[in-house]
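Have a look at final.pdb below; it lists PDB, C-alpha atoms.
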ATOM      1  CA  MET V   1      23.057  46.879 -39.543
ATOM      2  CA  PRO V   2      19.424  47.947 -39.263
ATOM      3  CA  LEU V   3      16.925  45.250 -38.363
ATOM      4  CA  PRO V   4      14.373  44.406 -41.040
ATOM      5  CA  ALA V   5      11.071  46.106 -40.418
ATOM      6  CA  THR V   6       8.430  43.689 -39.161
ATOM      7  CA  THR V   7       5.010  43.905 -40.652
ATOM      8  CA  TYR V   8       1.906  42.958 -38.794
ATOM      9  CA  GLU V   9      -1.727  42.967 -39.661
ATOM     10  CA  ARG V  10      -4.428  43.983 -37.260
ATOM     11  CA  VAL V  11      -7.952  42.713 -37.865
ATOM     12  CA  VAL V  12     -10.780  44.232 -35.863
ATOM     13  CA  TYR V  13     -14.182  42.518 -35.893
ATOM     14  CA  LYS V  14     -17.040  44.708 -34.830
ATOM     15  CA  ASN V  15     -19.994  42.401 -34.350
ATOM     16  CA  PRO V  16     -19.461  40.167 -37.364
ATOM     17  CA  SER V  17     -22.841  38.534 -36.935
ATOM     18  CA  GLU V  18     -25.360  40.002 -39.364
ATOM     19  CA  HIS V  19     -28.329  38.098 -37.904
ATOM     20  CA  HIS V  20     -29.962  38.166 -34.524
ATOM     21  CA  TYR V  21     -31.581  35.055 -33.051
ATOM     22  CA  MET V  22     -34.647  35.240 -30.814
ATOM     23  CA  LYS V  23     -36.158  32.503 -28.687
ATOM     24  CA  VAL V  24     -39.857  33.223 -28.280
ATOM     25  CA  TYR V  25     -43.023  31.412 -27.325
ATOM     26  CA  LEU V  26     -46.645  32.184 -28.040
ATOM     27  CA  ASP V  27     -48.775  32.406 -24.907
ATOM     28  CA  PHE V  28     -52.555  32.041 -25.329
ATOM     29  CA  GLN V  29     -55.167  33.048 -22.790
ATOM     30  CA  ASP V  30     -57.196  29.865 -23.469
ATOM     31  CA  HIS V  31     -55.690  26.407 -23.604
ATOM     32  CA  GLY V  32     -55.918  23.976 -26.439
ATOM     33  CA  VAL V  33     -55.260  26.308 -29.344
ATOM     34  CA  GLU V  34     -53.404  24.573 -32.135
ATOM     35  CA  VAL V  35     -50.977  26.389 -34.380
ATOM     36  CA  ASN V  36     -48.805  24.742 -36.956
ATOM     37  CA  VAL V  37     -45.566  26.071 -38.395
ATOM     38  CA  ALA V  38     -47.107  27.676 -41.482
ATOM     39  CA  GLN V  39     -49.772  29.478 -39.445
ATOM     40  CA  PHE V  40     -47.087  30.675 -37.034
ATOM     41  CA  LYS V  41     -45.048  32.162 -39.874
ATOM     42  CA  GLN V  42     -48.164  33.764 -41.310
ATOM     43  CA  LEU V  43     -48.902  35.285 -37.902
ATOM     44  CA  LEU V  44     -45.402  36.792 -37.757
ATOM     45  CA  VAL V  45     -45.721  38.294 -41.227
ATOM     46  CA  SER V  46     -49.170  39.699 -40.519
ATOM     47  CA  ALA V  47     -47.895  41.303 -37.291
ATOM     48  CA  LEU V  48     -45.100  42.981 -39.242
ATOM     49  CA  LYS V  49     -47.530  44.041 -41.942
ATOM     50  CA  ASP V  50     -49.900  45.696 -39.449
ATOM     51  CA  LEU V  51     -47.232  47.830 -37.899
ATOM     52  CA  PHE V  52     -44.752  48.386 -40.712
ATOM     53  CA  GLY V  53     -46.722  47.818 -43.928
ATOM     54  CA  GLU V  54     -45.598  46.064 -47.081
ATOM     55  CA  VAL V  55     -41.984  47.034 -46.479
ATOM     56  CA  GLY V  56     -42.058  45.471 -43.009
ATOM     57  CA  ALA V  57     -43.766  42.324 -44.207
ATOM     58  CA  ALA V  58     -40.913  41.852 -46.687
ATOM     59  CA  LEU V  59     -38.385  41.578 -43.828
ATOM     60  CA  PRO V  60     -36.627  38.195 -44.208
ATOM     61  CA  VAL V  61     -37.620  36.467 -40.946
ATOM     62  CA  ASP V  62     -36.838  32.754 -40.666
ATOM     63  CA  VAL V  63     -38.381  30.282 -38.226
ATOM     64  CA  LEU V  64     -35.481  27.953 -37.452
ATOM     65  CA  THR V  65     -37.265  25.599 -35.049
ATOM     66  CA  PHE V  66     -40.843  25.265 -33.885
ATOM     67  CA  GLU V  67     -42.356  23.060 -31.188
ATOM     68  CA  GLU V  68     -46.108  22.524 -31.465
ATOM     69  CA  LYS V  69     -46.618  21.408 -27.863
ATOM     70  CA  THR V  70     -45.086  24.420 -26.168
ATOM     71  CA  LEU V  71     -45.542  26.789 -29.158
ATOM     72  CA  SER V  72     -41.969  27.967 -28.796
ATOM     73  CA  ALA V  73     -39.743  28.896 -31.706
ATOM     74  CA  ILE V  74     -36.311  30.234 -32.583
ATOM     75  CA  LEU V  75     -36.406  33.072 -35.101
ATOM     76  CA  ARG V  76     -33.621  34.559 -37.165
ATOM     77  CA  VAL V  77     -33.746  38.142 -38.420
ATOM     78  CA  PRO V  78     -31.138  40.490 -39.951
ATOM     79  CA  SER V  79     -29.762  42.788 -37.267
ATOM     80  CA  SER V  80     -31.079  45.895 -39.007
ATOM     81  CA  GLY V  81     -34.642  44.596 -38.765
ATOM     82  CA  MET V  82     -34.433  43.419 -35.150
ATOM     83  CA  ALA V  83     -36.174  46.461 -33.636
ATOM     84  CA  LYS V  84     -39.008  46.193 -36.170
ATOM     85  CA  LEU V  85     -39.603  42.494 -35.476
ATOM     86  CA  TRP V  86     -39.500  42.836 -31.694
ATOM     87  CA  SER V  87     -41.841  45.819 -31.651
ATOM     88  CA  SER V  88     -44.364  44.125 -33.940
ATOM     89  CA  LEU V  89     -44.274  40.958 -31.793
ATOM     90  CA  THR V  90     -44.932  43.106 -28.726
ATOM     91  CA  LEU V  91     -47.960  44.764 -30.300
ATOM     92  CA  LEU V  92     -49.608  41.592 -31.543
ATOM     93  CA  GLY V  93     -52.801  41.033 -29.535
ATOM     94  CA  SER V  94     -54.838  38.231 -30.985
ATOM     95  CA  TYR V  95     -54.871  35.293 -33.362
ATOM     96  CA  LYS V  96     -58.193  34.295 -34.973
ATOM     97  CA  GLY V  97     -60.105  36.182 -32.317
ATOM     98  CA  LYS V  98     -58.299  34.552 -29.396
ATOM     99  CA  LYS V  99     -56.118  36.671 -27.146
ATOM    100  CA  CYS V 100     -52.447  35.847 -27.164
ATOM    101  CA  ALA V 101     -49.030  37.345 -26.458
ATOM    102  CA  PHE V 102     -45.508  36.682 -27.590
ATOM    103  CA  ARG V 103     -43.067  36.113 -24.726
ATOM    104  CA  VAL V 104     -39.431  36.696 -25.643
ATOM    105  CA  ILE V 105     -37.171  34.394 -23.652
ATOM    106  CA  GLN V 106     -33.730  35.129 -25.072
ATOM    107  CA  VAL V 107     -32.097  37.216 -27.771
ATOM    108  CA  SER V 108     -28.535  36.878 -29.013
ATOM    109  CA  PRO V 109     -26.436  37.627 -32.103
ATOM    110  CA  PHE V 110     -25.033  34.100 -31.831
ATOM    111  CA  LEU V 111     -27.124  30.977 -32.211
ATOM    112  CA  LEU V 112     -24.936  28.974 -29.836
ATOM    113  CA  ALA V 113     -25.889  31.244 -26.959
ATOM    114  CA  LEU V 114     -29.523  30.144 -27.243
ATOM    115  CA  SER V 115     -28.646  26.535 -26.452
ATOM    116  CA  GLY V 116     -27.838  27.184 -22.807
ATOM    117  CA  ASN V 117     -29.933  29.625 -20.853
ATOM    118  CA  SER V 118     -28.869  30.301 -17.296
ATOM    119  CA  ARG V 119     -32.375  31.505 -16.417
ATOM    120  CA  GLU V 120     -33.805  28.052 -16.985
ATOM    121  CA  LEU V 121     -31.048  26.394 -15.027
ATOM    122  CA  LEU V 122     -32.368  24.267 -12.172
ATOM    123  CA  LEU V 123     -30.115  24.207  -9.153
ATOM    124  CA  ASP V 124     -30.508  21.240  -6.822
TER     125      ASP V 124
ATOM    126  CA  MET E   1     -31.228  76.577 -32.901
ATOM    127  CA  VAL E   2     -34.171  74.494 -31.901
ATOM    128  CA  ARG E   3     -36.890  74.300 -34.510
ATOM    129  CA  PHE E   4     -38.758  71.668 -36.466
ATOM    130  CA  LYS E   5     -36.997  71.027 -39.762
ATOM    131  CA  HIS E   6     -38.983  70.020 -42.815
ATOM    132  CA  ARG E   7     -38.320  68.634 -46.239
ATOM    133  CA  TYR E   8     -40.317  69.861 -49.221
ATOM    134  CA  LEU E   9     -40.879  67.325 -52.017
ATOM    135  CA  LEU E  10     -41.525  68.878 -55.410
ATOM    136  CA  CYS E  11     -43.426  66.378 -57.559
ATOM    137  CA  GLU E  12     -45.063  66.354 -60.934
ATOM    138  CA  LEU E  13     -48.238  64.416 -61.647
ATOM    139  CA  VAL E  14     -47.903  62.662 -65.002
ATOM    140  CA  SER E  15     -50.954  61.209 -66.664
ATOM    141  CA  ASP E  16     -52.293  60.385 -70.134
ATOM    142  CA  ASP E  17     -55.718  61.769 -69.425
ATOM    143  CA  PRO E  18     -55.924  65.607 -69.403
ATOM    144  CA  ARG E  19     -58.909  65.529 -67.020
ATOM    145  CA  CYS E  20     -56.790  63.889 -64.326
ATOM    146  CA  ARG E  21     -54.774  67.024 -63.565
ATOM    147  CA  LEU E  22     -57.826  69.263 -63.499
ATOM    148  CA  SER E  23     -59.556  67.101 -60.922
ATOM    149  CA  LEU E  24     -56.613  67.514 -58.517
ATOM    150  CA  ASP E  25     -57.650  68.850 -55.162
ATOM    151  CA  ASP E  26     -55.412  69.295 -52.125
ATOM    152  CA  ARG E  27     -57.690  67.289 -49.853
ATOM    153  CA  VAL E  28     -57.987  64.442 -52.377
ATOM    154  CA  LEU E  29     -54.225  64.400 -52.782
ATOM    155  CA  SER E  30     -53.439  64.429 -49.065
ATOM    156  CA  VAL E  31     -55.866  61.562 -48.420
ATOM    157  CA  LEU E  32     -54.309  59.619 -51.307
ATOM    158  CA  VAL E  33     -50.743  60.099 -50.060
ATOM    159  CA  ARG E  34     -51.709  59.215 -46.484
ATOM    160  CA  ASP E  35     -53.455  56.000 -47.578
ATOM    161  CA  THR E  36     -50.494  54.996 -49.720
ATOM    162  CA  VAL E  37     -47.995  55.578 -46.894
ATOM    163  CA  ALA E  38     -50.262  53.512 -44.579
ATOM    164  CA  ARG E  39     -50.298  50.700 -47.115
ATOM    165  CA  VAL E  40     -46.555  50.703 -47.739
ATOM    166  CA  HIS E  41     -45.217  51.531 -44.260
ATOM    167  CA  GLY E  42     -48.064  50.394 -42.005
ATOM    168  CA  THR E  43     -49.426  52.052 -38.879
ATOM    169  CA  PHE E  44     -46.017  53.365 -37.889
ATOM    170  CA  GLY E  45     -45.430  55.007 -41.250
ATOM    171  CA  ALA E  46     -48.869  56.570 -41.409
ATOM    172  CA  ALA E  47     -48.547  58.080 -37.950
ATOM    173  CA  ALA E  48     -44.939  59.254 -38.317
ATOM    174  CA  SER E  49     -45.392  60.880 -41.705
ATOM    175  CA  SER E  50     -48.714  62.575 -40.987
ATOM    176  CA  ILE E  51     -47.406  64.713 -38.103
ATOM    177  CA  GLY E  52     -45.928  67.496 -40.211
ATOM    178  CA  PHE E  53     -47.590  66.552 -43.470
ATOM    179  CA  ALA E  54     -49.240  69.211 -45.642
ATOM    180  CA  VAL E  55     -49.813  69.945 -49.306
ATOM    181  CA  ARG E  56     -48.232  73.374 -49.667
ATOM    182  CA  TYR E  57     -48.684  74.176 -53.356
ATOM    183  CA  LEU E  58     -50.806  72.663 -56.056
ATOM    184  CA  ASN E  59     -50.998  73.652 -59.697
ATOM    185  CA  ALA E  60     -53.808  71.929 -61.566
ATOM    186  CA  TYR E  61     -52.636  73.093 -65.024
ATOM    187  CA  THR E  62     -49.041  71.851 -64.905
ATOM    188  CA  GLY E  63     -49.620  69.158 -62.272
ATOM    189  CA  ILE E  64     -46.871  70.443 -59.955
ATOM    190  CA  VAL E  65     -47.347  69.542 -56.307
ATOM    191  CA  LEU E  66     -45.292  70.602 -53.267
ATOM    192  CA  LEU E  67     -45.554  68.312 -50.245
ATOM    193  CA  ARG E  68     -44.135  69.100 -46.823
ATOM    194  CA  CYS E  69     -43.035  66.491 -44.284
ATOM    195  CA  ARG E  70     -40.780  66.304 -41.243
ATOM    196  CA  LYS E  71     -37.069  65.860 -41.884
ATOM    197  CA  GLU E  72     -36.861  62.646 -39.811
ATOM    198  CA  PHE E  73     -39.571  60.882 -41.809
ATOM    199  CA  TYR E  74     -39.425  62.342 -45.302
ATOM    200  CA  GLN E  75     -37.996  59.133 -46.712
ATOM    201  CA  LEU E  76     -41.163  57.261 -45.721
ATOM    202  CA  VAL E  77     -43.231  59.627 -47.856
ATOM    203  CA  TRP E  78     -40.703  59.725 -50.685
ATOM    204  CA  SER E  79     -40.497  55.941 -50.942
ATOM    205  CA  ALA E  80     -44.288  55.605 -50.939
ATOM    206  CA  LEU E  81     -44.832  57.991 -53.886
ATOM    207  CA  PRO E  82     -44.023  55.417 -56.629
ATOM    208  CA  PHE E  83     -46.797  53.216 -55.239
ATOM    209  CA  ILE E  84     -49.477  55.727 -56.247
ATOM    210  CA  THR E  85     -50.904  54.380 -59.485
ATOM    211  CA  TYR E  86     -54.289  56.035 -59.858
ATOM    212  CA  LEU E  87     -56.258  59.073 -58.774
ATOM    213  CA  GLU E  88     -59.867  58.471 -57.822
ATOM    214  CA  THR E  89     -62.372  61.355 -57.761
ATOM    215  CA  LYS E  90     -66.155  61.474 -58.211
ATOM    216  CA  GLY E  91     -66.246  57.823 -59.184
ATOM    217  CA  HIS E  92     -63.687  58.230 -61.974
ATOM    218  CA  ARG E  93     -60.384  56.465 -61.816
ATOM    219  CA  TYR E  94     -57.460  57.998 -63.702
ATOM    220  CA  PRO E  95     -54.166  56.118 -63.989
ATOM    221  CA  CYS E  96     -51.240  58.399 -63.211
ATOM    222  CA  PHE E  97     -47.872  58.495 -61.497
ATOM    223  CA  PHE E  98     -45.796  60.959 -59.478
ATOM    224  CA  ASN E  99     -42.394  62.107 -60.639
ATOM    225  CA  THR E 100     -40.298  63.614 -57.844
ATOM    226  CA  LEU E 101     -38.375  66.549 -59.292
ATOM    227  CA  HIS E 102     -36.630  68.031 -56.268
ATOM    228  CA  VAL E 103     -36.277  67.696 -52.510
ATOM    229  CA  GLY E 104     -35.538  70.927 -50.705
ATOM    230  CA  GLY E 105     -35.237  72.151 -47.168
ATOM    231  CA  THR E 106     -37.264  75.315 -47.721
ATOM    232  CA  ILE E 107     -39.975  76.519 -50.051
ATOM    233  CA  ARG E 108     -37.584  79.097 -51.486
ATOM    234  CA  THR E 109     -35.097  76.516 -52.786
ATOM    235  CA  CYS E 110     -37.923  74.553 -54.347
ATOM    236  CA  GLN E 111     -39.197  77.703 -56.019
ATOM    237  CA  LYS E 112     -35.737  78.447 -57.437
ATOM    238  CA  PHE E 113     -35.527  74.925 -58.817
ATOM    239  CA  LEU E 114     -39.020  75.209 -60.277
ATOM    240  CA  ILE E 115     -38.087  78.411 -62.113
ATOM    241  CA  GLN E 116     -35.035  76.779 -63.718
ATOM    242  CA  TYR E 117     -37.024  73.648 -64.517
ATOM    243  CA  ASN E 118     -39.789  75.646 -66.195
ATOM    244  CA  ARG E 119     -37.202  77.515 -68.281
ATOM    245  CA  ARG E 120     -35.779  74.223 -69.521
ATOM    246  CA  GLN E 121     -39.259  72.832 -70.184
ATOM    247  CA  LEU E 122     -40.120  75.883 -72.296
ATOM    248  CA  LEU E 123     -37.112  75.227 -74.523
ATOM    249  CA  ILE E 124     -38.103  71.577 -74.879
ATOM    250  CA  LEU E 125     -41.661  72.600 -75.769
ATOM    251  CA  LEU E 126     -40.265  74.996 -78.376
ATOM    252  CA  GLN E 127     -38.458  72.125 -80.071
ATOM    253  CA  ASN E 128     -41.453  69.796 -80.101
ATOM    254  CA  CYS E 129     -43.907  72.429 -81.162
ATOM    255  CA  THR E 130     -45.865  71.975 -84.409
ATOM    256  CA  ASP E 131     -48.219  74.924 -84.731
ATOM    257  CA  GLU E 132     -46.897  78.353 -85.790
ATOM    258  CA  GLY E 133     -49.124  80.337 -83.412
ATOM    259  CA  GLU E 134     -47.985  78.252 -80.431
ATOM    260  CA  ARG E 135     -44.368  78.586 -81.570
ATOM    261  CA  GLU E 136     -44.599  82.355 -81.482
ATOM    262  CA  ALA E 137     -46.246  82.318 -78.053
ATOM    263  CA  ILE E 138     -43.506  80.105 -76.621
ATOM    264  CA  GLN E 139     -40.727  82.163 -78.231
ATOM    265  CA  LYS E 140     -42.211  85.285 -76.679
ATOM    266  CA  SER E 141     -42.231  83.710 -73.195
ATOM    267  CA  VAL E 142     -38.671  82.446 -73.661
ATOM    268  CA  THR E 143     -37.343  85.894 -74.569
ATOM    269  CA  ARG E 144     -39.251  87.419 -71.664
ATOM    270  CA  SER E 145     -37.686  84.937 -69.264
ATOM    271  CA  CYS E 146     -34.170  85.640 -70.544
ATOM    272  CA  VAL E 147     -34.467  89.426 -70.335
ATOM    273  CA  LEU E 148     -35.917  89.771 -66.832
ATOM    274  CA  GLU E 149     -34.063  88.246 -63.873
ATOM    275  CA  GLU E 150     -35.987  88.687 -60.610
ATOM    276  CA  GLU E 151     -39.577  89.247 -61.697
ATOM    277  CA  SER E 152     -39.404  86.374 -64.144
ATOM    278  CA  GLY E 153     -40.371  84.030 -61.308
ATOM    279  CA  GLU E 154     -44.132  84.628 -61.175
ATOM    280  CA  GLU E 155     -44.483  85.679 -64.823
ATOM    281  CA  LEU E 156     -42.603  82.629 -66.008
ATOM    282  CA  SER E 157     -44.731  80.139 -64.122
ATOM    283  CA  ASP E 158     -47.860  81.843 -65.483
ATOM    284  CA  SER E 159     -46.623  81.955 -69.057
ATOM    285  CA  GLY E 160     -45.391  78.359 -68.773
ATOM    286  CA  GLU E 161     -48.846  77.286 -67.680
ATOM    287  CA  GLU E 162     -50.533  79.244 -70.463
ATOM    288  CA  ALA E 163     -48.272  77.652 -73.042
ATOM    289  CA  THR E 164     -48.911  74.141 -71.748
ATOM    290  CA  GLU E 165     -52.621  74.820 -71.474
ATOM    291  CA  ALA E 166     -52.648  76.040 -75.077
ATOM    292  CA  MET E 167     -50.804  72.888 -76.156
ATOM    293  CA  GLU E 168     -53.439  70.691 -74.589
TER     294      GLU E 168
END

Using the file provided, produce a representation of the structure as structure tokens.
Amino acid sequence: MPLPATTYERVVYKNPSEHHYMKVYLDFQDHGVEVNVAQFKQLLVSALKDLFGEVGAALPVDVLTFEEKTLSAILRVPSSGMAKLWSSLTLLGSYKGKKCAFRVIQVSPFLLALSGNSRELLLD
Amino acid sequence: MVRFKHRYLLCELVSDDPRCRLSLDDRVLSVLVRDTVARVHGTFGAAASSIGFAVRYLNAYTGIVLLRCRKEFYQLVWSALPFITYLETKGHRYPCFFNTLHVGGTIRTCQKFLIQYNRRQLLILLQNCTDEGEREAIQKSVTRSCVLEEESGEELSDSGEEATEAME
């Protein structure tokens, strides 16, 4: 008697995450510059607008967290717009006449990966 | 084969004001398109699209324009064309818009499309025509275009322009 044919289903996930998460901080040349969350978001959008125009400024970038003391933030961007965001952050030179630079600490397609960074690990 | 590939965008300038088409100049148009691409796609778009950019053909009577751009960046130019809303020359501002008729890889394919498009436009003009004298002129150009095959290219575009000029 022939054995019944077994059916199986194979599911392949190729990078299911549609967003990329970036941990960045804004480094100023002078100290004591205050930036709040809304100004930070406006700075991001204006950087995108300079390099990529109206279409770039319409990229849906989200600021998930923001710390005023260290000026560090976690950003979320759709994976297709990741190159545009990173290149416009790189080319941003100044904010209100003061020189500044965006330092990118970590990038990952998964938000959980940003919680533990082995580079900042202190070994005793 | 290693060569630079281009895309040719065949567009038509549509406007209410008849003076708008006559004030078309290739330098004015190229500056306008470049500024619009810079506004819509930023510094990157302006630089990328202006490498191989040129206005290849311009017809002030029918408002047909042929733009050339590199194959890698033609979509930047194409997507910026709907954002052109007015033409500004000599202090006058004319509202207008660009209709993209055809995208081709060579000037020859665009010319072939333009010939067929003009033939169809002549028939449409014949239907909407009111004056008897104009009707006869259009009928004459239509029969001429049907009889001749190869030479009808240049003659047809000329007769099409004369008919439209007479209409306006």

Please report as a compact mmCIF listing (two decimals) with C-alpha atoms, keeping the file's coordinate frame which residues of chain V come no farther than 7 Å from chain E, using only C-alpha atoms.
# COMPACT_ATOMS: atom_id res chain seq x y z
CA LYS V 49 -47.53 44.04 -41.94
CA ASP V 50 -49.90 45.70 -39.45
CA LEU V 51 -47.23 47.83 -37.90
CA PHE V 52 -44.75 48.39 -40.71
CA GLY V 53 -46.72 47.82 -43.93
CA GLU V 54 -45.60 46.06 -47.08
CA VAL V 55 -41.98 47.03 -46.48
CA GLY V 56 -42.06 45.47 -43.01

Open item on the list: Is it possible to get the residues within 8 Å of (-38.5, 67.0, -57.1) (coordinates as in the file, counting all atoms listed in the file) written as a PyMOL selection string?
Closed with: chain E and resi 9-12+99-103

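When atom CA of Gln42 of chain V is paired with atom CA of Val61 of chain V, their separation reads 10.9 Å.
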
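Interatomic distance, atom CA of Glu34 of chain V against atom CA of Pro78 of chain V: 28.5 Å.
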
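Of note, atom CA of Gln127 of chain E and atom CA of Gly63 of chain E are spaced 21.2 Å apart.
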
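Picked by the PyMOL selection byres ((chain V and resi 31) around 12) from the coordinates shown: Leu26, Asp27, Phe28, Gln29, Asp30, Gly32, Val33, Glu34, Val35, Lys69, Thr70, Leu71, Lys98, Lys99 and Cys100 of chain V.
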
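With distances restricted to only C-alpha atoms, V:Ile74 is the closest residue to Ser115 of chain V from V:Val63, V:Ala47, V:Ile74, V:Ala58.
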
TODO: For Leu75 of chain V, please output as number ranges by chain all residues within 7 Å (counting only C-alpha atoms; exclusion window: fewer than 4 positions along the same chain).
DONE: V: 21-23, 61-64

Go ahead and write the selection's residues with C-alpha atoms as a PDB file, keeping the file's coordinate frame.
ATOM      1  CA  TYR V  21     -31.581  35.055 -33.051  1.00  0.00           C
ATOM      2  CA  MET V  22     -34.647  35.240 -30.814  1.00  0.00           C
ATOM      3  CA  LYS V  23     -36.158  32.503 -28.687  1.00  0.00           C
ATOM      4  CA  VAL V  61     -37.620  36.467 -40.946  1.00  0.00           C
ATOM      5  CA  ASP V  62     -36.838  32.754 -40.666  1.00  0.00           C
ATOM      6  CA  VAL V  63     -38.381  30.282 -38.226  1.00  0.00           C
ATOM      7  CA  LEU V  64     -35.481  27.953 -37.452  1.00  0.00           C
TER       8      LEU V  64
END

TODO: Please write as a PyMOL selection string the full residue list that the PyMOL selection byres ((chain E and resi 88) around 12) yields on this file.
DONE: chain E and resi 19-21+23-25+28-29+31-32+84-87+89-96
